[in-house]
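Asks: File start.pdb follows (PDB, C-alpha atoms, pLDDT in the B column):
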```
ATOM      1  CA  MET A1231      16.900  71.153   7.898  1.00 54.00           C
ATOM      2  CA  ALA A1232      14.695  68.577   6.229  1.00 89.00           C
ATOM      3  CA  ILE A1233      11.165  68.775   4.933  1.00 91.00           C
ATOM      4  CA  VAL A1234       9.297  65.495   5.357  1.00 92.00           C
ATOM      5  CA  VAL A1235       6.405  64.691   3.022  1.00 94.00           C
ATOM      6  CA  ASP A1236       3.510  62.777   4.591  1.00 94.00           C
ATOM      7  CA  ILE A1237       1.413  62.132   1.484  1.00 95.00           C
ATOM      8  CA  ASP A1238       1.443  58.393   2.231  1.00 94.00           C
ATOM      9  CA  VAL A1239      -0.212  59.069   5.603  1.00 93.00           C
ATOM     10  CA  MET A1240      -3.032  61.019   3.963  1.00 95.00           C
ATOM     11  CA  LEU A1241      -3.398  58.381   1.226  1.00 95.00           C
ATOM     12  CA  ALA A1242      -3.859  55.711   3.888  1.00 95.00           C
ATOM     13  CA  ARG A1243      -6.392  57.836   5.798  1.00 95.00           C
ATOM     14  CA  ARG A1244      -8.381  58.457   2.614  1.00 95.00           C
ATOM     15  CA  LYS A1245      -7.976  54.832   1.417  1.00 96.00           C
ATOM     16  CA  MET A1246      -6.722  56.144  -1.927  1.00 95.00           C
ATOM     17  CA  SER A1247      -4.039  54.778  -4.251  1.00 95.00           C
ATOM     18  CA  VAL A1248      -1.122  56.751  -5.658  1.00 94.00           C
ATOM     19  CA  GLY A1249      -2.533  56.255  -9.156  1.00 95.00           C
ATOM     20  CA  GLU A1250      -5.957  57.579  -8.187  1.00 96.00           C
ATOM     21  CA  LEU A1251      -4.478  60.625  -6.442  1.00 97.00           C
ATOM     22  CA  ALA A1252      -2.178  61.362  -9.378  1.00 97.00           C
ATOM     23  CA  GLY A1253      -5.083  61.192 -11.819  1.00 96.00           C
ATOM     24  CA  ARG A1254      -7.306  63.431  -9.713  1.00 96.00           C
ATOM     25  CA  VAL A1255      -4.500  65.976  -9.154  1.00 96.00           C
ATOM     26  CA  GLY A1256      -3.373  65.940 -12.784  1.00 95.00           C
ATOM     27  CA  ILE A1257       0.241  64.776 -12.388  1.00 95.00           C
ATOM     28  CA  THR A1258       1.944  61.550 -13.389  1.00 96.00           C
ATOM     29  CA  PRO A1259       2.192  58.719 -10.864  1.00 95.00           C
ATOM     30  CA  ALA A1260       5.983  58.904 -11.289  1.00 95.00           C
ATOM     31  CA  ASN A1261       6.071  62.594 -10.321  1.00 95.00           C
ATOM     32  CA  LEU A1262       3.769  61.942  -7.372  1.00 95.00           C
ATOM     33  CA  ALA A1263       6.071  59.102  -6.253  1.00 94.00           C
ATOM     34  CA  VAL A1264       9.070  61.477  -6.360  1.00 95.00           C
ATOM     35  CA  LEU A1265       7.197  63.904  -4.137  1.00 94.00           C
ATOM     36  CA  LYS A1266       5.794  61.189  -1.856  1.00 92.00           C
ATOM     37  CA  ASN A1267       9.194  59.582  -1.323  1.00 91.00           C
ATOM     38  CA  GLY A1268      10.844  62.873  -0.380  1.00 87.00           C
ATOM     39  CA  ARG A1269      13.086  63.093  -3.454  1.00 92.00           C
ATOM     40  CA  ALA A1270      11.512  66.285  -4.840  1.00 92.00           C
ATOM     41  CA  LYS A1271      13.520  69.496  -4.586  1.00 92.00           C
ATOM     42  CA  ALA A1272      10.439  71.707  -4.982  1.00 93.00           C
ATOM     43  CA  VAL A1273       6.669  71.600  -5.251  1.00 94.00           C
ATOM     44  CA  ARG A1274       4.500  74.123  -7.065  1.00 95.00           C
ATOM     45  CA  PHE A1275       1.875  75.828  -4.955  1.00 97.00           C
ATOM     46  CA  ALA A1276      -0.711  74.864  -7.592  1.00 96.00           C
ATOM     47  CA  THR A1277       0.221  71.193  -7.126  1.00 96.00           C
ATOM     48  CA  LEU A1278       0.157  71.526  -3.340  1.00 96.00           C
ATOM     49  CA  ALA A1279      -3.252  73.204  -3.536  1.00 97.00           C
ATOM     50  CA  ALA A1280      -4.576  70.435  -5.796  1.00 97.00           C
ATOM     51  CA  LEU A1281      -3.250  67.761  -3.411  1.00 97.00           C
ATOM     52  CA  CYS A1282      -4.950  69.510  -0.491  1.00 97.00           C
ATOM     53  CA  GLU A1283      -8.213  69.845  -2.397  1.00 97.00           C
ATOM     54  CA  VAL A1284      -8.329  66.171  -3.411  1.00 97.00           C
ATOM     55  CA  LEU A1285      -7.171  64.889  -0.010  1.00 97.00           C
ATOM     56  CA  GLU A1286      -9.335  67.436   1.852  1.00 96.00           C
ATOM     57  CA  CYS A1287      -6.469  68.535   4.074  1.00 96.00           C
ATOM     58  CA  GLN A1288      -4.174  71.465   4.852  1.00 97.00           C
ATOM     59  CA  PRO A1289      -0.576  71.883   3.542  1.00 96.00           C
ATOM     60  CA  GLY A1290       0.683  71.199   7.068  1.00 95.00           C
ATOM     61  CA  ASP A1291      -0.931  67.754   6.896  1.00 96.00           C
ATOM     62  CA  LEU A1292       1.344  66.929   3.947  1.00 96.00           C
ATOM     63  CA  LEU A1293       4.580  68.757   4.808  1.00 95.00           C
ATOM     64  CA  ARG A1294       6.522  69.107   8.041  1.00 94.00           C
ATOM     65  CA  TRP A1295      10.002  70.218   9.064  1.00 94.00           C
ATOM     66  CA  GLU A1296      12.403  68.049  11.057  1.00 92.00           C
ATOM     67  CA  ALA A1297      15.926  68.760  12.208  1.00 90.00           C
ATOM     68  CA  GLU A1298      18.566  66.852  10.231  1.00 82.00           C
ATOM     69  CA  ASP A1299      19.456  64.521  13.102  1.00 74.00           C
ATOM     70  CA  ALA A1300      15.797  63.545  13.547  1.00 55.00           C
ATOM     71  CA  VAL A1301      15.125  62.606   9.911  1.00 51.00           C
ATOM     72  CA  ASP A1302      15.956  58.914  10.387  1.00 57.00           C
ATOM     73  CA  GLU A1303      13.755  58.573  13.466  1.00 58.00           C
ATOM     74  CA  PRO A1304      10.089  57.580  13.025  1.00 61.00           C
ATOM     75  CA  ALA A1305       7.502  60.303  13.432  1.00 61.00           C
ATOM     76  CA  PRO A1306       5.479  60.263  16.664  1.00 62.00           C
ATOM     77  CA  SER A1307       1.987  58.808  16.273  1.00 59.00           C
TER      78      SER A1307
END
```
What would you get if you wrote out this structure as structure tokens?
Replies:
Amino acid sequence: MAIVVDIDVMLARRKMSVGELAGRVGITPANLAVLKNGRAKAVRFATLAALCEVLECQPGDLLRWEAEDAVDEPAPS
């Protein structure tokens, strides 16, 4: 199973940069990049809540599950 992080989608919708989001959430741009690029092994609920508050979205807008064999395929639009 794979969890896919769609922070970049929400950043584009909100016309916000990674640096701006990181500053408003209170994490480093490097740590946000790790999360955004799917390399994070965990995310604190407090961080997820802050992301949702700043991006005005729900956790499901940022995280989704895909079967392992579907990870390399693009997400449907």
Asks: Mind giving me the straight-line distance from CA of Ile1237 (chain A) to CA of Lys1266 (chain A) in Å, one decimal?
Replies: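 Spanning CA of Ile1237 (chain A) to CA of Lys1266 (chain A) is a straight-line distance of 5.6 Å.
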Asks: Return the single residue from A:Leu1293, A:Met1246, A:Leu1241, A:Asp1299 that is closest to Ala1272 (chain A), with distances computed using all atoms listed in the file.
Replies: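 The answer is A:Leu1293, which sits nearest to Ala1272 (chain A).
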Asks: For a quick check of understanding, using only C-alpha atoms, which of A:Val1248, A:Ile1257, A:Val1264, A:Ala1242 has the smallest distance to Ala1280 (chain A)?
Replies: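 With only C-alpha atoms as the atom set, the closest residue is A:Ile1257.
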Asks: What is the CA of Arg1244 (chain A) to CA of Ala1297 (chain A) distance in Å?
Replies: 28.1 Å
Asks: Return the single residue from A:Ser1247, A:Ala1252, A:Arg1269, A:Ala1279 that is closest to Leu1292 (chain A), with distances computed using all atoms listed in the file.
Replies: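 Among the listed residues, the smallest separation from Leu1292 (chain A) belongs to A:Ala1279.
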Asks: So how many Å separate CA of Ala1276 (chain A) and CA of Glu1296 (chain A), to one decimal?
Replies: 23.8 Å
Asks: Using 6 Å of padding on each side, determine the axis-aligned box around all atoms of region 1245-1254 of chain A present in the file and give its centre and edge lengths in Å to one decimal, as JSON.
Replies:
```
{"center_x": -4.5, "center_y": 59.1, "center_z": -5.2, "size_x": 18.9, "size_y": 20.7, "size_z": 25.2}
```
Asks: Using all atoms listed in the file for the distances, tell me which of A:Val1239, A:Val1255, A:Leu1265, A:Ile1233 is nearest to Cys1282 (chain A).
Replies: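 Of A:Val1239, A:Val1255, A:Leu1265, A:Ile1233, the one nearest Cys1282 (chain A) is A:Val1255, counting all atoms listed in the file.
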Asks: I need the residue nearest Val1273 (chain A) from this list: A:Glu1250, A:Pro1289, A:Asp1238, A:Trp1295. Use only C-alpha atoms for the distance.
Replies: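 Among the listed residues, the smallest separation from Val1273 (chain A) belongs to A:Pro1289.
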